[in-house]
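File shown: input_12.cif. Contents: mmCIF, C-alpha atoms.
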```cif
data_upload
loop_
_atom_site.label_atom_id
_atom_site.label_comp_id
_atom_site.auth_asym_id
_atom_site.auth_seq_id
_atom_site.Cartn_x
_atom_site.Cartn_y
_atom_site.Cartn_z
CA MET A 1 -55.94 6.42 36.04
CA GLN A 2 -52.76 5.97 33.96
CA SER A 3 -51.74 2.93 36.02
CA ASP A 4 -55.10 1.32 35.11
CA THR A 5 -54.44 1.97 31.42
CA ILE A 6 -50.96 0.47 31.65
CA ARG A 7 -52.22 -2.55 33.59
CA GLU A 8 -55.05 -3.15 31.10
CA TRP A 9 -52.71 -2.86 28.10
CA ARG A 10 -50.19 -5.21 29.68
CA GLU A 11 -52.73 -7.84 30.71
CA GLN A 12 -55.19 -7.69 27.81
CA TYR A 13 -52.82 -7.09 24.93
CA ALA A 14 -49.08 -7.16 25.56
CA ARG A 15 -48.72 -10.35 27.60
CA CYS A 16 -51.49 -12.38 25.94
CA CYS A 17 -51.26 -11.28 22.28
CA LEU A 18 -47.67 -10.10 21.77
CA ASN A 19 -45.94 -12.30 24.35
CA VAL A 20 -44.10 -9.27 25.73
CA ASP A 21 -44.52 -6.98 28.70
CA PHE A 22 -43.84 -3.29 29.25
CA GLU A 23 -42.55 -1.39 32.24
CA PRO A 24 -42.88 2.39 31.78
CA LEU A 25 -40.24 4.74 33.13
CA PRO A 26 -41.63 6.26 36.36
CA GLY A 27 -43.11 9.72 35.98
CA THR A 28 -43.64 9.46 32.22
CA THR A 29 -46.76 9.33 30.08
CA PHE A 30 -47.68 5.87 28.82
CA HIS A 31 -48.33 5.19 25.16
CA ALA A 32 -47.73 2.12 23.04
CA SER A 33 -48.61 0.91 19.57
CA VAL A 34 -47.74 -2.03 17.38
CA LYS A 35 -48.31 -1.64 13.64
CA PRO A 36 -48.16 -4.76 11.43
CA ILE A 37 -46.11 -4.19 8.28
CA PHE A 38 -45.73 -7.62 6.69
CA SER A 39 -47.77 -10.31 8.40
CA ASP A 40 -46.21 -13.21 6.46
CA LEU A 41 -42.97 -12.57 8.37
CA GLY A 42 -44.40 -10.87 11.43
CA ILE A 43 -42.63 -7.57 10.76
CA VAL A 44 -44.02 -4.84 13.01
CA ARG A 45 -43.21 -1.27 13.96
CA THR A 46 -43.42 -0.86 17.72
CA ALA A 47 -43.64 2.60 19.28
CA CYS A 48 -43.91 3.39 22.97
CA GLY A 49 -43.21 5.87 25.68
CA PRO A 50 -40.09 5.75 27.81
CA GLY A 51 -39.62 2.34 29.39
CA PHE A 52 -38.72 -1.28 28.78
CA ILE A 53 -40.44 -3.84 26.49
CA PHE A 54 -39.32 -7.27 27.61
CA ARG A 55 -39.79 -11.02 27.75
CA ASP A 56 -39.49 -12.51 31.21
CA GLU A 57 -39.27 -16.10 32.43
CA ASP A 58 -43.06 -16.54 32.34
CA LEU A 59 -43.32 -15.27 28.76
CA LEU A 60 -40.54 -17.61 27.62
CA GLN A 61 -42.91 -20.50 28.36
CA ASP A 62 -44.50 -19.87 24.94
CA GLY A 63 -41.66 -21.93 23.43
CA GLU A 64 -40.87 -19.25 20.84
CA SER A 65 -37.44 -19.67 19.34
CA GLY A 66 -35.53 -17.96 16.58
CA PHE A 67 -34.00 -14.53 16.59
CA GLY A 68 -35.58 -11.10 16.64
CA PHE A 69 -34.01 -8.65 14.22
CA ILE A 70 -34.40 -5.23 15.86
CA ILE A 71 -33.87 -2.04 13.81
CA ALA A 72 -33.87 1.19 15.84
CA GLN A 73 -35.95 4.06 14.52
CA SER A 74 -35.20 6.49 17.35
CA GLN A 75 -32.24 8.31 18.80
CA GLU A 76 -31.60 6.08 21.78
CA LEU A 77 -32.33 2.38 22.05
CA THR A 78 -30.79 -0.23 24.34
CA VAL A 79 -31.28 -3.93 23.61
CA ARG A 80 -30.60 -6.38 26.47
CA ALA A 81 -30.53 -10.16 26.72
CA SER A 82 -28.82 -12.72 28.94
CA GLY A 83 -26.91 -10.08 30.90
CA HIS A 84 -25.50 -8.28 27.83
CA GLU A 85 -26.60 -5.13 26.06
CA VAL A 86 -25.98 -3.07 22.94
CA ARG A 87 -26.88 0.58 22.31
CA LEU A 88 -28.34 1.54 18.96
CA GLY A 89 -28.92 4.79 17.13
CA PRO A 90 -31.37 5.44 14.28
CA GLY A 91 -31.09 2.73 11.63
CA ASP A 92 -28.72 0.52 13.63
CA ALA A 93 -29.76 -3.06 14.36
CA THR A 94 -29.01 -6.17 16.36
CA LEU A 95 -30.25 -9.71 16.91
CA ILE A 96 -31.91 -10.87 20.12
CA PRO A 97 -32.75 -14.52 20.86
CA ALA A 98 -36.50 -15.07 21.35
CA ASP A 99 -35.81 -17.67 24.03
CA ALA A 100 -33.77 -15.37 26.30
CA ILE A 101 -34.87 -13.00 29.04
CA GLY A 102 -34.37 -9.47 27.76
CA GLY A 103 -35.86 -6.69 25.71
CA VAL A 104 -35.67 -3.17 24.34
CA ALA A 105 -35.53 0.04 26.39
CA SER A 106 -35.16 3.79 26.17
CA ARG A 107 -35.39 6.82 28.46
CA GLU A 108 -37.25 8.65 25.66
CA SER A 109 -40.23 7.72 23.50
CA TYR A 110 -38.95 5.25 20.95
CA SER A 111 -39.79 3.05 17.99
CA PHE A 112 -38.23 0.11 16.22
CA PHE A 113 -38.90 -2.47 13.54
CA ASP A 114 -38.97 -6.04 14.78
CA ASN A 115 -39.04 -9.33 12.93
CA LEU A 116 -38.71 -12.82 14.40
CA ILE A 117 -36.85 -15.16 12.06
CA PRO A 118 -37.03 -18.90 12.82
CA LEU A 119 -33.71 -20.69 13.24
CA ALA A 120 -34.53 -22.92 10.24
CA GLU A 121 -34.51 -19.86 7.94
CA TRP A 122 -31.03 -18.91 9.14
CA GLU A 123 -29.76 -22.47 8.77
CA ALA A 124 -31.23 -22.78 5.26
CA ARG A 125 -28.94 -19.89 4.29
CA GLY A 126 -25.87 -21.32 6.00
CA ALA A 127 -25.94 -18.50 8.59
CA ARG A 128 -25.12 -18.67 12.29
CA PRO A 129 -27.34 -16.06 13.95
CA GLU A 130 -25.91 -16.82 17.38
CA ASP A 131 -22.69 -15.13 16.21
CA GLY A 132 -24.63 -11.88 15.71
CA VAL A 133 -26.57 -11.86 18.97
CA LEU A 134 -26.36 -8.41 20.54
CA GLN A 135 -23.70 -7.38 18.06
CA TYR A 136 -23.89 -3.81 16.77
CA LEU A 137 -25.05 -3.79 13.14
CA TRP A 138 -24.23 -0.42 11.62
CA GLY A 139 -27.24 1.33 10.11
CA LYS A 140 -25.24 3.03 7.38
CA SER A 141 -23.96 -0.15 5.77
CA ASP A 142 -25.28 -0.62 2.23
CA ALA A 143 -27.10 -3.82 3.19
CA MET A 144 -28.81 -2.21 6.19
CA GLN A 145 -29.89 0.82 4.17
CA LEU A 146 -31.38 -1.46 1.50
CA LEU A 147 -33.21 -3.51 4.16
CA ARG A 148 -34.68 -0.40 5.80
CA ARG A 149 -35.84 0.96 2.44
CA TYR A 150 -37.50 -2.35 1.64
CA ILE A 151 -39.32 -2.41 4.99
CA ARG A 152 -40.40 1.24 4.70
CA SER A 153 -41.71 0.58 1.21
CA LEU A 154 -43.75 -2.34 2.57
CA GLU A 155 -44.99 -0.09 5.36
CA ARG A 156 -46.15 2.56 2.86
CA SER A 157 -47.50 0.37 0.05
CA GLY A 158 -48.05 -3.11 1.44
CA PRO A 159 -46.66 -6.37 0.06
CA THR A 160 -48.72 -6.20 -3.15
CA ALA A 161 -46.51 -3.31 -4.29
CA PHE A 162 -43.91 -6.00 -5.05
CA GLY A 163 -46.27 -8.36 -6.88
CA ASN A 164 -48.71 -11.03 -5.84
CA ASP A 165 -46.28 -13.51 -4.28
CA PRO A 166 -45.47 -12.60 -0.66
CA THR A 167 -43.09 -15.57 -0.36
CA ILE A 168 -40.63 -13.81 -2.69
CA VAL A 169 -40.81 -10.67 -0.57
CA GLY A 170 -40.31 -12.77 2.57
CA ARG A 171 -37.24 -14.50 1.12
CA HIS A 172 -35.74 -11.15 0.07
CA ILE A 173 -36.17 -9.67 3.54
CA ILE A 174 -34.73 -12.70 5.31
CA ASP A 175 -31.81 -12.78 2.86
CA LEU A 176 -31.12 -9.09 3.58
CA MET A 177 -31.30 -9.65 7.34
CA VAL A 178 -28.85 -12.53 7.07
CA LEU A 179 -26.57 -10.37 4.90
CA CYS A 180 -26.76 -7.51 7.43
CA SER A 181 -26.00 -9.79 10.36
CA ASN A 182 -22.96 -11.22 8.57
CA SER A 183 -21.54 -7.82 7.58
CA PRO A 184 -18.46 -6.66 9.47
CA PRO A 185 -19.23 -4.12 12.23
CA VAL A 186 -17.65 -1.11 10.53
CA ARG A 187 -18.27 2.45 11.77
CA TRP A 188 -17.19 5.64 10.05
#
```
Can the structure from this file be put into structure tokens for me?
Amino acid sequence: MQSDTIREWREQYARCCLNVDFEPLPGTTFHASVKPIFSDLGIVRTACGPGFIFRDEDLLQDGESGFGFIIAQSQELTVRASGHEVRLGPGDATLIPADAIGGVASRESYSFFDNLIPLAEWEARGARPEDGVLQYLWGKSDAMQLLRRYIRSLERSGPTAFGNDPTIVGRHIIDLMVLCSNSPPVRW
């Protein structure tokens, strides 16, 4: 029964609507949800049971480019791409290229914020996102804490809490993500 649920979710939602797939950890209970937070930028909160959310060679055919900004919301999160990986704790983040085989995994139920930022947005700010790919971005940096608060506020109140112009909100978030990805990887 559970294998039917997983297969249906993968085929009817994950692969066709989200352009991702999911492989649950054997012997665990399947659950998955994707909650839109700010549709203008495609910010979502993803939550799922133990397993691996990924993009494979077939899914890369969608031509999506840019960089996913992943912010862990759980205790244990591993982000993998192109044969490399980084482990994240709550609030930590990293960048993952949208055009690379890889994904996000955990042995426990997990959640994370995800936002795909087009390369043009990075370049418009003079940033080089490829330098931050799979680099550990410390969740306790001032910039990261500000970014998480901003996203949580959007999650609670919606974009109209910041006025009627979502483009301003979008620019702020992208600016903060660029700032976070350019911050030195300091740990205390």
Wanna dump the segment 81-176 of chain A-segment 58-62 of chain A contacts at 10 Å for me, each residue with its shortest atom pair and the distance in Å to one decimal, counting only C-alpha atoms, ordered by chain and number, as JSON lines?
```
{"residue": "A:Ala98", "atom": "CA", "partner": "A:Leu60", "partner_atom": "CA", "distance": 7.9}
{"residue": "A:Asp99", "atom": "CA", "partner": "A:Leu60", "partner_atom": "CA", "distance": 5.9}
{"residue": "A:Ala100", "atom": "CA", "partner": "A:Leu60", "partner_atom": "CA", "distance": 7.3}
{"residue": "A:Ile101", "atom": "CA", "partner": "A:Leu60", "partner_atom": "CA", "distance": 7.4}
```
Result set, the PyMOL selection byres ((chain A and resi 48) around 10) on current file, as a ChimeraX atom specification: /A:22,24,29-34,46-47,49-53,105-106,108-112
Residues as selected, C-alpha atoms, written as a JSON list (two decimals), keeping the file's coordinate frame, can you do that?
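Output below, filename part_18.json:
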```json
[["chain", "number", "residue", "atom", "x", "y", "z"],
["A", 22, "PHE", "CA", -43.84, -3.29, 29.25],
["A", 24, "PRO", "CA", -42.88, 2.39, 31.78],
["A", 29, "THR", "CA", -46.76, 9.33, 30.08],
["A", 30, "PHE", "CA", -47.68, 5.87, 28.82],
["A", 31, "HIS", "CA", -48.33, 5.19, 25.16],
["A", 32, "ALA", "CA", -47.73, 2.12, 23.04],
["A", 33, "SER", "CA", -48.61, 0.91, 19.57],
["A", 34, "VAL", "CA", -47.74, -2.03, 17.38],
["A", 46, "THR", "CA", -43.42, -0.86, 17.72],
["A", 47, "ALA", "CA", -43.64, 2.60, 19.28],
["A", 49, "GLY", "CA", -43.21, 5.87, 25.68],
["A", 50, "PRO", "CA", -40.09, 5.75, 27.81],
["A", 51, "GLY", "CA", -39.62, 2.34, 29.39],
["A", 52, "PHE", "CA", -38.72, -1.28, 28.78],
["A", 53, "ILE", "CA", -40.44, -3.84, 26.49],
["A", 105, "ALA", "CA", -35.53, 0.04, 26.39],
["A", 106, "SER", "CA", -35.16, 3.79, 26.17],
["A", 108, "GLU", "CA", -37.25, 8.65, 25.66],
["A", 109, "SER", "CA", -40.23, 7.72, 23.50],
["A", 110, "TYR", "CA", -38.95, 5.25, 20.95],
["A", 111, "SER", "CA", -39.79, 3.05, 17.99],
["A", 112, "PHE", "CA", -38.23, 0.11, 16.22]]
```
Matched chain/residue IDs from the PyMOL selection byres ((chain A and resi 55) around 7), as an MDAnalysis selection string: chainID A and resid 20:21 54 56:57 59:60 101:103
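One distance worth recording is that between atom CA of Leu119 of chain A and atom CA of His172 of chain A, which is 16.4 Å.
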Find the residues near segment 136-143 of chain A: any atom within 9 Å, counting only C-alpha atoms, skip ones fewer than 2 places away on the same chain, and give them as a PDB file with C-alpha atoms, in the frame of the given file.
```pdb
ATOM      1  CA  ILE A  71     -33.870  -2.040  13.810  1.00  0.00           C
ATOM      2  CA  ALA A  72     -33.870   1.190  15.840  1.00  0.00           C
ATOM      3  CA  VAL A  86     -25.980  -3.070  22.940  1.00  0.00           C
ATOM      4  CA  ARG A  87     -26.880   0.580  22.310  1.00  0.00           C
ATOM      5  CA  LEU A  88     -28.340   1.540  18.960  1.00  0.00           C
ATOM      6  CA  GLY A  89     -28.920   4.790  17.130  1.00  0.00           C
ATOM      7  CA  PRO A  90     -31.370   5.440  14.280  1.00  0.00           C
ATOM      8  CA  GLY A  91     -31.090   2.730  11.630  1.00  0.00           C
ATOM      9  CA  ASP A  92     -28.720   0.520  13.630  1.00  0.00           C
ATOM     10  CA  ALA A  93     -29.760  -3.060  14.360  1.00  0.00           C
ATOM     11  CA  THR A  94     -29.010  -6.170  16.360  1.00  0.00           C
ATOM     12  CA  LEU A  95     -30.250  -9.710  16.910  1.00  0.00           C
ATOM     13  CA  GLY A 132     -24.630 -11.880  15.710  1.00  0.00           C
ATOM     14  CA  VAL A 133     -26.570 -11.860  18.970  1.00  0.00           C
ATOM     15  CA  LEU A 134     -26.360  -8.410  20.540  1.00  0.00           C
ATOM     16  CA  GLN A 145     -29.890   0.820   4.170  1.00  0.00           C
ATOM     17  CA  LEU A 146     -31.380  -1.460   1.500  1.00  0.00           C
ATOM     18  CA  LEU A 147     -33.210  -3.510   4.160  1.00  0.00           C
ATOM     19  CA  ARG A 148     -34.680  -0.400   5.800  1.00  0.00           C
ATOM     20  CA  LEU A 176     -31.120  -9.090   3.580  1.00  0.00           C
ATOM     21  CA  MET A 177     -31.300  -9.650   7.340  1.00  0.00           C
ATOM     22  CA  LEU A 179     -26.570 -10.370   4.900  1.00  0.00           C
ATOM     23  CA  CYS A 180     -26.760  -7.510   7.430  1.00  0.00           C
ATOM     24  CA  SER A 181     -26.000  -9.790  10.360  1.00  0.00           C
ATOM     25  CA  ASN A 182     -22.960 -11.220   8.570  1.00  0.00           C
ATOM     26  CA  SER A 183     -21.540  -7.820   7.580  1.00  0.00           C
ATOM     27  CA  PRO A 184     -18.460  -6.660   9.470  1.00  0.00           C
ATOM     28  CA  PRO A 185     -19.230  -4.120  12.230  1.00  0.00           C
ATOM     29  CA  VAL A 186     -17.650  -1.110  10.530  1.00  0.00           C
ATOM     30  CA  ARG A 187     -18.270   2.450  11.770  1.00  0.00           C
ATOM     31  CA  TRP A 188     -17.190   5.640  10.050  1.00  0.00           C
TER      32      TRP A 188
END
```
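Considering the residues A:Val104, A:Leu154, A:Ile168, A:Cys16 and counting all atoms listed in the file, Ile37 of chain A has its shortest atom-to-atom contact with A:Leu154.
When atom CA of Phe67 of chain A is paired with atom CA of Tyr150 of chain A, their separation reads 19.6 Å.
Put simply, atom CA of Gly83 of chain A is 20.5 Å away from atom CA of Leu116 of chain A.
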Among listed residues A:Glu64, A:Ile174, A:Arg107, A:Arg80, nearest Gly27 of chain A (using all atoms listed in the file): A:Arg107
Return as lines of an AutoDock Vina configuration file the centre and edge lengths, in Å with one decimal, of the box along x, y and z that encloses every atom of segment 53-65 of chain A in the file, padded by 8 Å per side.
```
center_x = -41.0
center_y = -12.9
center_z = 25.9
size_x = 23.1
size_y = 34.1
size_z = 29.1
```
Residue IDs satisfying the PyMOL selection byres ((chain A and resi 122-124) around 10), as a PyMOL selection string: chain A and resi 66-67+117-121+125-130+174-175+177-178
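Minimum distance to Ala81 of chain A across A:Gly68, A:Gly163, A:Ser3, A:Pro97 (counting only C-alpha atoms) occurs at A:Pro97.
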Asn115 of chain A environment, 6 Å, only C-alpha atoms, sequence neighbours closer than 2 positions dropped, as a PyMOL selection string: chain A and resi 42-43+68-69
